[in-house]
file coords22.tsv (TSV, C-alpha atoms)
chain	number	residue	atom	x	y	z
A	1	MET	CA	125.89	125.68	132.57
A	2	PRO	CA	128.64	124.80	130.09
A	3	GLY	CA	127.98	124.57	126.38
A	4	PHE	CA	125.15	126.33	124.65
A	5	PRO	CA	122.51	128.42	126.43
A	6	PRO	CA	118.97	126.96	126.52
A	7	ILE	CA	117.50	127.33	123.04
A	8	ASP	CA	114.27	125.95	121.65
A	9	LEU	CA	115.31	123.83	118.66
A	10	THR	CA	111.77	122.63	117.87
A	11	LYS	CA	111.15	122.40	114.10
A	12	ARG	CA	114.46	124.13	113.32
A	13	PRO	CA	116.25	122.15	110.57
A	14	PHE	CA	119.82	120.94	111.07
A	15	GLY	CA	120.78	119.38	107.75
A	16	LEU	CA	118.21	116.64	107.21
A	17	LEU	CA	117.27	116.45	110.92
A	18	ILE	CA	114.37	118.38	112.43
A	19	PRO	CA	114.18	118.34	116.26
A	20	GLN	CA	110.69	117.60	117.58
A	21	TRP	CA	111.10	117.85	121.37
A	22	PRO	CA	113.68	117.33	124.13
A	23	VAL	CA	113.68	113.80	125.54
A	24	GLY	CA	116.16	114.03	128.40
A	25	ARG	CA	119.59	114.92	129.69
A	26	SER	CA	122.82	113.04	130.03
A	27	ARG	CA	124.62	112.85	133.36
A	28	GLY	CA	126.44	115.96	132.27
A	29	PHE	CA	124.52	118.87	130.87
A	30	SER	CA	123.72	117.62	127.36
A	31	ILE	CA	120.08	117.85	126.37
A	32	TYR	CA	118.96	115.19	123.92
A	33	TRP	CA	116.34	115.84	121.23
A	34	LEU	CA	114.09	113.44	119.37
A	35	CYS	CA	114.64	114.33	115.71
A	36	LEU	CA	112.93	113.29	112.50
A	37	CYS	CA	115.16	112.78	109.48
A	38	SER	CA	113.85	113.72	106.06
A	39	CYS	CA	113.98	110.00	105.16
A	40	GLY	CA	111.43	109.27	107.94
A	41	THR	CA	113.85	107.80	110.49
A	42	VAL	CA	113.69	108.90	114.12
A	43	LYS	CA	116.98	109.63	115.86
A	44	ILE	CA	117.90	110.96	119.30
A	45	VAL	CA	120.69	113.53	119.10
A	46	SER	CA	122.40	115.81	121.62
A	47	ARG	CA	121.87	119.54	121.33
A	48	GLU	CA	125.63	120.05	120.97
A	49	ALA	CA	125.85	117.62	118.03
A	50	LEU	CA	123.08	119.56	116.28
A	51	MET	CA	124.42	123.02	117.06
A	52	ARG	CA	128.01	122.18	116.12
A	53	GLY	CA	127.00	120.41	112.90
A	54	TYR	CA	128.22	116.95	113.93
A	55	ALA	CA	124.78	115.43	113.28
A	56	LYS	CA	123.12	116.34	110.00
A	57	SER	CA	121.17	113.17	109.20
A	58	CYS	CA	120.28	109.78	110.63
A	59	GLY	CA	123.04	108.29	108.53
A	60	CYS	CA	121.00	107.96	105.35
A	61	SER	CA	123.17	110.53	103.58
A	62	ARG	CA	126.49	108.79	104.37
A	63	ASN	CA	128.34	107.02	101.64
A	64	LYS	CA	127.91	103.28	101.62
A	65	THR	CA	131.08	102.24	103.46
A	66	GLY	CA	129.31	99.50	105.34
A	67	LYS	CA	129.91	101.30	108.62
A	68	THR	CA	127.12	102.65	110.75
A	69	TRP	CA	127.66	104.97	113.67
A	70	ARG	CA	124.03	105.42	114.59
A	71	ARG	CA	123.01	104.13	118.00
A	72	ASN	CA	119.82	102.11	118.08
A	73	ILE	CA	117.88	104.04	120.70
A	74	GLN	CA	114.32	102.91	121.28
A	75	SER	CA	112.10	105.68	122.58
A	76	ARG	CA	109.12	105.07	124.84
A	77	GLU	CA	106.90	106.30	122.02
A	78	HIS	CA	108.44	103.74	119.63
A	79	ASN	CA	107.91	100.95	122.17
A	80	SER	CA	104.23	101.91	122.50
A	81	TRP	CA	103.85	102.00	118.72
A	82	ASN	CA	105.44	98.54	118.38
A	83	GLY	CA	103.19	97.12	121.12
A	84	MET	CA	100.07	98.55	119.48
A	85	LYS	CA	100.94	96.97	116.13
A	86	GLU	CA	101.92	93.67	117.74
A	87	ARG	CA	98.60	93.37	119.64
A	88	CYS	CA	96.55	94.12	116.54
A	89	LEU	CA	98.50	92.46	113.73
A	90	ASN	CA	100.38	89.42	115.10
A	91	PRO	CA	98.14	86.39	115.80
A	92	LYS	CA	100.99	84.86	117.87
A	93	ALA	CA	101.23	87.89	120.18
A	94	THR	CA	100.08	87.80	123.76
A	95	GLY	CA	96.82	89.70	123.89
A	96	TYR	CA	96.03	89.36	120.18
A	97	ALA	CA	92.68	87.74	121.02
A	98	LEU	CA	91.69	90.89	122.94
A	99	TYR	CA	92.74	93.27	120.17
A	100	GLY	CA	93.30	92.04	116.60
A	101	GLY	CA	91.17	88.96	117.27
A	102	ARG	CA	88.24	91.22	118.21
A	103	GLY	CA	88.65	93.31	115.05
A	104	ILE	CA	90.55	96.25	116.57
A	105	ARG	CA	92.79	97.71	113.87
A	106	VAL	CA	95.59	100.24	113.47
A	107	CYS	CA	94.76	102.98	110.98
A	108	GLU	CA	96.81	103.06	107.78
A	109	ARG	CA	98.40	106.40	108.72
A	110	TRP	CA	99.84	104.93	111.93
A	111	MET	CA	101.54	102.04	110.19
A	112	THR	CA	104.43	104.54	109.86
A	113	PHE	CA	106.05	105.51	113.16
A	114	LYS	CA	106.70	109.06	111.99
A	115	ASN	CA	102.96	109.69	111.53
A	116	PHE	CA	102.11	108.08	114.87
A	117	LEU	CA	104.69	110.27	116.58
A	118	LEU	CA	103.50	113.46	114.90
A	119	ASP	CA	99.86	112.74	115.84
A	120	MET	CA	100.43	111.57	119.43
A	121	GLY	CA	103.37	113.77	120.43
A	122	PRO	CA	105.76	112.99	123.28
A	123	ARG	CA	104.72	110.37	125.81
A	124	PRO	CA	104.57	111.88	129.30
A	125	ALA	CA	106.07	109.97	132.20
A	126	ASN	CA	103.87	107.30	133.81
A	127	THR	CA	101.48	107.03	130.87
A	128	SER	CA	100.64	104.49	128.21
A	129	LEU	CA	98.63	104.39	125.01
A	130	ASP	CA	94.87	104.38	125.62
A	131	ARG	CA	91.97	104.15	123.17
A	132	TYR	CA	89.72	107.01	124.25
A	133	PRO	CA	86.89	108.06	124.03
A	134	ASN	CA	85.89	104.71	122.48
A	135	PRO	CA	87.69	101.83	124.21
A	136	CYS	CA	86.25	99.43	121.61
A	137	GLY	CA	87.44	101.58	118.69
A	138	ASN	CA	90.51	101.35	116.53
A	139	TYR	CA	93.94	102.86	117.10
A	140	GLU	CA	93.63	106.10	115.14
A	141	PRO	CA	93.91	109.87	115.58
A	142	GLY	CA	90.99	111.16	117.61
A	143	ASN	CA	90.57	107.90	119.51
A	144	CYS	CA	93.91	107.66	121.34
A	145	ARG	CA	95.70	109.50	124.11
A	146	TRP	CA	98.57	109.09	126.55
A	147	ALA	CA	96.78	108.12	129.78
A	148	SER	CA	97.75	107.51	133.39
A	149	PRO	CA	96.96	104.13	134.99
A	150	LYS	CA	93.96	105.72	136.74
A	151	GLN	CA	92.61	107.10	133.46
A	152	GLN	CA	93.10	103.67	131.88
A	153	ARG	CA	91.14	101.98	134.69
A	154	ASN	CA	88.30	104.49	134.33
A	155	ASN	CA	88.16	103.87	130.56
A	156	ARG	CA	87.65	100.10	130.70
A	157	MET	CA	84.77	98.53	128.83
A	158	ALA	CA	81.76	97.62	130.95
call {"tool": "encode", "arguments": {"input": "coords22.tsv", "output": "structure tokens"}}
result
Amino acid sequence: MPGFPPIDLTKRPFGLLIPQWPVGRSRGFSIYWLCLCSCGTVKIVSREALMRGYAKSCGCSRNKTGKTWRRNIQSREHNSWNGMKERCLNPKATGYALYGGRGIRVCERWMTFKNFLLDMGPRPANTSLDRYPNPCGNYEPGNCRWASPKQQRNNRMA
């Protein structure tokens, strides 16, 4: 395999970026990592960009030239986080009546994506966010998991 040999970059700082876990590969051999910047931003960066020093921050440390080179990559975890907040906080959202309208809330800690991501970890393939063990409870650590469709069906309220 060209490039760098397989190396675990988890929690190893590269400038202001700290890789959390690998999120995929490009068509070539590049492995991409989900990284947290010290400013709290999440960024997906190739292993080569980290190892060669091309990526050292999310862009927060750049001078204010008005240019941004950061790609807006939405992770599956970020999409789940947005959906959770939308269902619970936006009265105009589809499904609000079943969530926020019934009093289901998002804990204060999870109002920040970084905290949600650290608590829930990477989202496995073919899963979605599930409130478990209490399907009537709030979205909070200890009451959420990444669940398969079968697990979700088995966890429905009676």
call {"tool": "closest_residue", "arguments": {"input": "coords22.tsv", "among": "A:Tyr96, A:Leu117, A:Pro122, A:Pro141", "to": "Pro22 in chain A", "atoms": "only C-alpha atoms"}}
result
A:Pro122
call {"tool": "residues_near_point", "arguments": {"input": "coords22.tsv", "point": "(95.6, 105.0, 131.2)", "cutoff": "9 Å", "atoms": "only C-alpha atoms", "output": "ChimeraX atom specification"}}
result
/A:126-131,145-155
call {"tool": "closest_residue", "arguments": {"input": "coords22.tsv", "among": "A:Tyr99, A:Phe113, A:Tyr132, A:Trp21", "to": "Trp33 in chain A", "atoms": "only C-alpha atoms"}}
result
A:Trp21
call {"tool": "atom_distance", "arguments": {"input": "coords22.tsv", "atom1": "CA of Ser75 in chain A", "atom2": "CA of Arg52 in chain A"}}
result
23.8 Å
call {"tool": "closest_residue", "arguments": {"input": "coords22.tsv", "among": "A:Arg76, A:Arg27, A:Gly101, A:Phe14", "to": "Arg47 in chain A", "atoms": "all atoms listed in the file"}}
result
A:Phe14
call {"tool": "residues_near_point", "arguments": {"input": "coords22.tsv", "point": "(93.4, 91.6, 118.4)", "cutoff": "12 Å", "atoms": "only C-alpha atoms", "output": "mmCIF file with C-alpha atoms, keeping the file's coordinate frame"}}
result
data_model
loop_
_atom_site.group_PDB
_atom_site.id
_atom_site.type_symbol
_atom_site.label_atom_id
_atom_site.label_comp_id
_atom_site.auth_asym_id
_atom_site.auth_seq_id
_atom_site.Cartn_x
_atom_site.Cartn_y
_atom_site.Cartn_z
ATOM 1 C CA GLY A 83 103.190 97.120 121.120
ATOM 2 C CA MET A 84 100.070 98.550 119.480
ATOM 3 C CA LYS A 85 100.940 96.970 116.130
ATOM 4 C CA GLU A 86 101.920 93.670 117.740
ATOM 5 C CA ARG A 87 98.600 93.370 119.640
ATOM 6 C CA CYS A 88 96.550 94.120 116.540
ATOM 7 C CA LEU A 89 98.500 92.460 113.730
ATOM 8 C CA ASN A 90 100.380 89.420 115.100
ATOM 9 C CA PRO A 91 98.140 86.390 115.800
ATOM 10 C CA LYS A 92 100.990 84.860 117.870
ATOM 11 C CA ALA A 93 101.230 87.890 120.180
ATOM 12 C CA THR A 94 100.080 87.800 123.760
ATOM 13 C CA GLY A 95 96.820 89.700 123.890
ATOM 14 C CA TYR A 96 96.030 89.360 120.180
ATOM 15 C CA ALA A 97 92.680 87.740 121.020
ATOM 16 C CA LEU A 98 91.690 90.890 122.940
ATOM 17 C CA TYR A 99 92.740 93.270 120.170
ATOM 18 C CA GLY A 100 93.300 92.040 116.600
ATOM 19 C CA GLY A 101 91.170 88.960 117.270
ATOM 20 C CA ARG A 102 88.240 91.220 118.210
ATOM 21 C CA GLY A 103 88.650 93.310 115.050
ATOM 22 C CA ILE A 104 90.550 96.250 116.570
ATOM 23 C CA ARG A 105 92.790 97.710 113.870
ATOM 24 C CA VAL A 106 95.590 100.240 113.470
ATOM 25 C CA CYS A 136 86.250 99.430 121.610
ATOM 26 C CA GLY A 137 87.440 101.580 118.690
ATOM 27 C CA ASN A 138 90.510 101.350 116.530
ATOM 28 C CA TYR A 139 93.940 102.860 117.100
#
call {"tool": "atom_distance", "arguments": {"input": "coords22.tsv", "atom1": "CA of Gln20 in chain A", "atom2": "CA of Arg109 in chain A"}}
result
18.8 Å
call {"tool": "residues_around", "arguments": {"input": "coords22.tsv", "residues": "Asp8 in chain A", "least_positions_apart": "2", "cutoff": "12 Å", "atoms": "all atoms listed in the file", "output": "PyMOL selection string"}}
result
chain A and resi 4-6+10-13+18-22+31-33+47+51
call {"tool": "residues_around", "arguments": {"input": "coords22.tsv", "residues": "range 55-58 of chain A", "least_positions_apart": "6", "cutoff": "10 Å", "atoms": "all atoms listed in the file", "output": "list in words"}}
result
Pro13, Phe14, Gly15, Leu16, Leu17, Ile18, Cys35, Leu36, Cys37, Ser38, Cys39, Gly40, Thr41, Val42, Lys43, Ile44, Val45, Ser46, Arg47, Glu48, Ala49, Thr68, Trp69, Arg70 and Arg71 of chain A
call {"tool": "closest_residue", "arguments": {"input": "coords22.tsv", "among": "A:Arg156, A:Cys60, A:Leu34, A:His78", "to": "Asn134 in chain A", "atoms": "all atoms listed in the file"}}
result
A:Arg156
call {"tool": "closest_residue", "arguments": {"input": "coords22.tsv", "among": "A:Ala125, A:Leu50, A:Cys107, A:Thr112", "to": "Cys144 in chain A", "atoms": "all atoms listed in the file"}}
result
A:Cys107
call {"tool": "atom_distance", "arguments": {"input": "coords22.tsv", "atom1": "CA of Asn115 in chain A", "atom2": "CA of Tyr54 in chain A"}}
result
26.4 Å
call {"tool": "closest_residue", "arguments": {"input": "coords22.tsv", "among": "A:Phe116, A:Gly59, A:Pro135, A:Gly53", "to": "Ser80 in chain A", "atoms": "only C-alpha atoms"}}
result
A:Phe116
